[in-house]
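data_0.cif (mmCIF, C-alpha atoms)
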data_work
loop_
_atom_site.label_atom_id
_atom_site.label_comp_id
_atom_site.auth_asym_id
_atom_site.auth_seq_id
_atom_site.Cartn_x
_atom_site.Cartn_y
_atom_site.Cartn_z
CA MET A 65 102.35 109.77 123.50
CA SER A 66 102.47 113.56 123.30
CA PRO A 67 100.55 115.43 120.58
CA ALA A 68 103.86 116.52 119.01
CA ARG A 69 105.05 112.92 118.79
CA ARG A 70 101.74 111.76 117.30
CA LEU A 71 101.96 114.53 114.71
CA GLY A 72 105.53 113.58 113.82
CA VAL A 73 104.78 109.87 113.47
CA ALA A 74 101.68 110.64 111.36
CA VAL A 75 103.65 112.89 108.97
CA VAL A 76 106.44 110.31 108.63
CA LEU A 77 103.89 107.61 107.80
CA VAL A 78 101.95 109.77 105.32
CA VAL A 79 105.10 110.80 103.44
CA PHE A 80 106.60 107.31 103.41
CA LEU A 81 103.38 105.53 102.42
CA ALA A 82 102.36 108.10 99.77
CA ASP A 83 105.86 108.02 98.27
CA GLN A 84 106.04 104.24 98.14
CA ALA A 85 102.43 103.74 96.98
CA LEU A 86 102.85 106.15 94.07
CA LYS A 87 106.16 104.62 93.06
CA LEU A 88 104.67 101.11 93.14
CA TRP A 89 101.67 102.23 91.09
CA LEU A 90 103.87 103.96 88.51
CA LEU A 91 106.27 101.01 88.22
CA PHE A 92 103.88 98.06 88.36
CA GLY A 93 100.37 99.44 87.79
CA LEU A 94 100.95 102.02 85.09
CA ARG A 95 104.13 100.23 83.97
CA LEU A 96 105.86 103.57 83.42
CA ALA A 97 109.06 101.96 82.09
CA GLU A 98 107.12 100.41 79.19
CA THR A 99 104.39 103.01 78.59
CA GLY A 100 105.80 106.42 79.56
CA PRO A 101 106.67 109.24 79.56
CA TYR A 102 103.41 111.15 80.04
CA ALA A 103 102.91 114.89 79.55
CA VAL A 104 100.72 116.10 82.43
CA THR A 105 100.93 119.83 81.72
CA PRO A 106 102.99 121.95 79.30
CA PHE A 107 105.62 122.21 82.07
CA MET A 108 105.42 118.82 83.83
CA ASP A 109 105.96 115.26 82.61
CA ILE A 110 105.87 111.93 84.39
CA VAL A 111 109.01 110.03 83.37
CA LEU A 112 111.06 107.22 84.87
CA ALA A 113 114.55 108.03 86.10
CA TRP A 114 116.70 105.82 88.28
CA ASN A 115 118.84 108.02 90.54
CA ARG A 116 121.86 106.13 91.83
CA GLY A 117 123.11 109.19 93.71
CA ILE A 118 121.63 111.71 96.11
CA SER A 119 119.78 114.99 95.56
CA TYR A 120 120.24 116.58 92.14
CA GLY A 121 121.99 113.41 90.96
CA LEU A 122 125.14 114.13 92.97
CA PHE A 123 127.52 111.32 94.01
CA GLN A 124 126.28 108.74 91.50
CA GLN A 125 127.10 105.22 92.67
CA GLY A 126 127.80 102.40 90.24
CA THR A 127 128.90 99.75 92.72
CA ASP A 128 127.17 97.72 95.41
CA ILE A 129 129.45 99.27 98.03
CA GLY A 130 128.32 102.77 97.02
CA ARG A 131 124.68 101.69 96.88
CA TRP A 132 124.71 100.14 100.36
CA ALA A 133 126.69 103.07 101.76
CA LEU A 134 123.88 105.38 100.63
CA VAL A 135 121.28 102.99 102.10
CA ILE A 136 123.09 103.08 105.45
CA VAL A 137 123.49 106.86 105.35
CA SER A 138 119.74 107.24 104.58
CA PHE A 139 118.68 105.07 107.50
CA VAL A 140 121.23 106.50 109.96
CA ALA A 141 120.06 110.02 109.05
CA ALA A 142 116.42 108.95 109.48
CA VAL A 143 117.15 107.50 112.94
CA TRP A 144 119.15 110.54 114.07
CA LEU A 145 116.53 113.02 112.82
CA GLY A 146 113.77 110.80 114.18
CA ARG A 147 115.31 110.96 117.65
CA TRP A 148 115.45 114.75 117.40
CA MET A 149 111.83 114.80 116.24
CA TRP A 150 110.80 112.57 119.15
CA ARG A 151 112.25 115.03 121.71
CA GLU A 152 111.04 118.19 119.95
CA GLN A 153 107.86 120.05 120.98
CA ARG A 154 107.66 122.91 118.46
CA PRO A 155 105.11 121.87 115.79
CA LEU A 156 106.95 123.38 112.79
CA THR A 157 110.20 121.69 113.77
CA VAL A 158 108.41 118.37 114.37
CA VAL A 159 106.67 118.49 110.98
CA SER A 160 109.87 119.59 109.21
CA LEU A 161 111.87 116.75 110.74
CA ALA A 162 109.09 114.26 110.01
CA LEU A 163 109.04 115.30 106.34
CA ILE A 164 112.78 114.68 106.10
CA VAL A 165 112.57 111.35 107.95
CA GLY A 166 109.69 110.11 105.78
CA GLY A 167 111.56 111.12 102.63
CA ALA A 168 114.84 109.56 103.76
CA LEU A 169 113.07 106.29 104.58
CA GLY A 170 111.28 106.25 101.21
CA ASN A 171 114.42 106.90 99.19
CA GLY A 172 116.47 104.56 101.39
CA LEU A 173 114.00 101.73 100.78
CA ASP A 174 114.19 102.38 97.02
CA ARG A 175 117.99 102.07 97.12
CA ALA A 176 117.79 98.86 99.15
CA VAL A 177 115.14 97.24 96.92
CA TYR A 178 115.91 98.58 93.43
CA GLY A 179 119.52 99.72 93.73
CA ALA A 180 118.46 103.30 92.90
CA VAL A 181 115.83 105.86 93.82
CA VAL A 182 112.72 105.97 91.62
CA ASP A 183 112.30 109.55 90.38
CA PHE A 184 109.43 110.55 88.11
CA VAL A 185 108.35 114.23 88.20
CA HIS A 186 110.09 116.30 85.53
CA LEU A 187 109.47 120.06 85.56
CA HIS A 188 110.51 122.08 82.53
CA TRP A 189 109.73 125.28 80.66
CA GLY A 190 110.97 125.93 77.16
CA SER A 191 114.61 124.94 77.12
CA PHE A 192 114.85 125.05 80.94
CA SER A 193 114.73 121.64 82.60
CA TRP A 194 114.58 121.09 86.35
CA TYR A 195 115.85 117.88 87.85
CA ILE A 196 113.59 114.82 88.09
CA PHE A 197 112.28 114.13 91.60
CA ASN A 198 109.69 112.21 93.65
CA ILE A 199 107.45 112.76 96.69
CA ALA A 200 110.25 111.87 99.12
CA ASP A 201 112.56 114.45 97.53
CA ALA A 202 109.87 117.14 97.72
CA ALA A 203 109.18 116.29 101.37
CA ILE A 204 112.89 116.55 102.20
CA VAL A 205 113.16 119.96 100.50
CA VAL A 206 110.08 121.30 102.30
CA GLY A 207 111.36 119.86 105.60
CA VAL A 208 114.75 121.53 105.20
CA ALA A 209 113.04 124.82 104.31
CA GLY A 210 110.92 124.52 107.47
CA LEU A 211 113.99 123.92 109.63
CA LEU A 212 115.78 126.88 108.05
CA TYR A 213 112.76 129.11 108.61
CA GLU A 214 112.48 127.98 112.21
CA SER A 215 116.19 128.54 112.86
CA PHE A 216 116.25 132.05 111.40
CA ARG A 217 112.97 133.21 112.90
CA PRO A 218 113.46 136.09 115.31
CA GLY A 219 113.36 134.85 118.89
CA ALA A 220 113.58 131.22 117.77
CA GLU A 221 114.55 128.92 120.59
CA LYS A 222 117.59 126.81 119.65
CA SER A 223 117.20 123.16 120.61
CA ALA A 224 119.12 120.84 118.35
#
Would you mind writing the file out in structure tokens?
Amino acid sequence: MSPARRLGVAVVLVVFLADQALKLWLLFGLRLAETGPYAVTPFMDIVLAWNRGISYGLFQQGTDIGRWALVIVSFVAAVWLGRWMWREQRPLTVVSLALIVGGALGNGLDRAVYGAVVDFVHLHWGSFSWYIFNIADAAIVVGVAGLLYESFRPGAEKSA
């Protein structure tokens, strides 16, 4: 296996396992639903939010058909991006794709198991409140930012 492929697989595994381990600990170890929320800093709380939609709470699904459609979309996206990652050699692109794949797999598993994605980090300041997210969401955002950077970089080689 090439170094780029090893790097990609490692990042996917780290994101997926960290995301799932923290969610399991919050749900069943800390019992966040019964004991939370927790103020971590003046601008960050740990809360429990069940997101039945996609990023930023868009496309909320209240039916099993909608739930399973999002599960399928998550796993199809992960496979498609994983294939791209597997063929890619540029380290930033590989890591960016791996972050997205790991996040998609983590959130997809949540939808399949719980019927919704487990979100828990709430950032706020004064009356401003950011959306509630998880490790998978953060990995996806960073991965997309990496792909955008790579695509707009002067002299970037296009290979999607």
Quiz prompt | Long-range neighbours of Ile136 in chain A as a list in words, 12 Å cut-off, only C-alpha atoms, 6 positions minimum in chain | solution =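 The residues that qualify are Ile129, Gly130, Ala142, Val143, Ala168, Leu169, Asn171, Gly172, Leu173, Arg175 and Ala176 of chain A.
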Self-check item: Distance query range 184-191 of chain A at most 7 Å, all atoms listed in the file, self and fewer than 6 positions along chain excluded, as JSON, numbers by chain
Solution: {"A": [107, 108, 109, 110, 111, 112, 113, 197, 198]}
Quiz item: So what do you get for CA of Arg69 in chain A versus CA of Pro218 in chain A, distance-wise?
Solution: 24.9 Å
Quiz item: Counting only C-alpha atoms, which of A:Ala180, A:Leu212, A:Val79, A:Val165 gets nearest to Arg131 in chain A?
Solution: A:Ala180
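Picked by the PyMOL selection byres ((chain A and resi 96) around 12) from the coordinates shown: Leu86, Lys87, Leu88, Trp89, Leu90, Leu91, Phe92, Gly93, Leu94, Arg95, Ala97, Glu98, Thr99, Gly100, Pro101, Tyr102, Asp109, Ile110, Val111, Leu112, Ala113, Val182, Asp183, Phe184 and Val185 of chain A.
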Export C-alpha atoms of the chosen residues as a JSON list (two decimals), in the frame of the given file?
[["chain", "number", "residue", "atom", "x", "y", "z"],
["A", 86, "LEU", "CA", 102.85, 106.15, 94.07],
["A", 87, "LYS", "CA", 106.16, 104.62, 93.06],
["A", 88, "LEU", "CA", 104.67, 101.11, 93.14],
["A", 89, "TRP", "CA", 101.67, 102.23, 91.09],
["A", 90, "LEU", "CA", 103.87, 103.96, 88.51],
["A", 91, "LEU", "CA", 106.27, 101.01, 88.22],
["A", 92, "PHE", "CA", 103.88, 98.06, 88.36],
["A", 93, "GLY", "CA", 100.37, 99.44, 87.79],
["A", 94, "LEU", "CA", 100.95, 102.02, 85.09],
["A", 95, "ARG", "CA", 104.13, 100.23, 83.97],
["A", 97, "ALA", "CA", 109.06, 101.96, 82.09],
["A", 98, "GLU", "CA", 107.12, 100.41, 79.19],
["A", 99, "THR", "CA", 104.39, 103.01, 78.59],
["A", 100, "GLY", "CA", 105.80, 106.42, 79.56],
["A", 101, "PRO", "CA", 106.67, 109.24, 79.56],
["A", 102, "TYR", "CA", 103.41, 111.15, 80.04],
["A", 109, "ASP", "CA", 105.96, 115.26, 82.61],
["A", 110, "ILE", "CA", 105.87, 111.93, 84.39],
["A", 111, "VAL", "CA", 109.01, 110.03, 83.37],
["A", 112, "LEU", "CA", 111.06, 107.22, 84.87],
["A", 113, "ALA", "CA", 114.55, 108.03, 86.10],
["A", 182, "VAL", "CA", 112.72, 105.97, 91.62],
["A", 183, "ASP", "CA", 112.30, 109.55, 90.38],
["A", 184, "PHE", "CA", 109.43, 110.55, 88.11],
["A", 185, "VAL", "CA", 108.35, 114.23, 88.20]]
Quiz prompt | Point (109.9, 123.7, 110.9), cut-off 7 Å, counting only C-alpha atoms, residues as a VMD selection string | solution = chain A and resid 156 to 160 207 210 to 211 213 to 214
Practice problem: State, in Å with one decimal place, the distance from CA of Pro155 in chain A to CA of Ala68 in chain A. | Solution: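 Distance between the two atoms: 6.4 Å.
A straight line drawn from CA of Ser193 in chain A to CA of Asn115 in chain A is 16.3 Å long.
Nearest to Arg116 in chain A of all the residues A:Asp201, A:Asp83, A:Glu152, A:Asp174 is A:Asp174, counting all atoms listed in the file.
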Practice problem: Enumerate, as a PyMOL selection string, the residues matched when the PyMOL selection byres ((chain A and resi 77) around 12) is run on the file above. | Solution: chain A and resi 70-76+78-85+159+162-170+200
So that I have them on file, write out the residues from the current selection with C-alpha atoms, as a PDB file, in the frame of the given file.
ATOM      1  CA  ARG A  70     101.740 111.760 117.300  1.00  0.00           C
ATOM      2  CA  LEU A  71     101.960 114.530 114.710  1.00  0.00           C
ATOM      3  CA  GLY A  72     105.530 113.580 113.820  1.00  0.00           C
ATOM      4  CA  VAL A  73     104.780 109.870 113.470  1.00  0.00           C
ATOM      5  CA  ALA A  74     101.680 110.640 111.360  1.00  0.00           C
ATOM      6  CA  VAL A  75     103.650 112.890 108.970  1.00  0.00           C
ATOM      7  CA  VAL A  76     106.440 110.310 108.630  1.00  0.00           C
ATOM      8  CA  VAL A  78     101.950 109.770 105.320  1.00  0.00           C
ATOM      9  CA  VAL A  79     105.100 110.800 103.440  1.00  0.00           C
ATOM     10  CA  PHE A  80     106.600 107.310 103.410  1.00  0.00           C
ATOM     11  CA  LEU A  81     103.380 105.530 102.420  1.00  0.00           C
ATOM     12  CA  ALA A  82     102.360 108.100  99.770  1.00  0.00           C
ATOM     13  CA  ASP A  83     105.860 108.020  98.270  1.00  0.00           C
ATOM     14  CA  GLN A  84     106.040 104.240  98.140  1.00  0.00           C
ATOM     15  CA  ALA A  85     102.430 103.740  96.980  1.00  0.00           C
ATOM     16  CA  VAL A 159     106.670 118.490 110.980  1.00  0.00           C
ATOM     17  CA  ALA A 162     109.090 114.260 110.010  1.00  0.00           C
ATOM     18  CA  LEU A 163     109.040 115.300 106.340  1.00  0.00           C
ATOM     19  CA  ILE A 164     112.780 114.680 106.100  1.00  0.00           C
ATOM     20  CA  VAL A 165     112.570 111.350 107.950  1.00  0.00           C
ATOM     21  CA  GLY A 166     109.690 110.110 105.780  1.00  0.00           C
ATOM     22  CA  GLY A 167     111.560 111.120 102.630  1.00  0.00           C
ATOM     23  CA  ALA A 168     114.840 109.560 103.760  1.00  0.00           C
ATOM     24  CA  LEU A 169     113.070 106.290 104.580  1.00  0.00           C
ATOM     25  CA  GLY A 170     111.280 106.250 101.210  1.00  0.00           C
ATOM     26  CA  ALA A 200     110.250 111.870  99.120  1.00  0.00           C
TER      27      ALA A 200
END
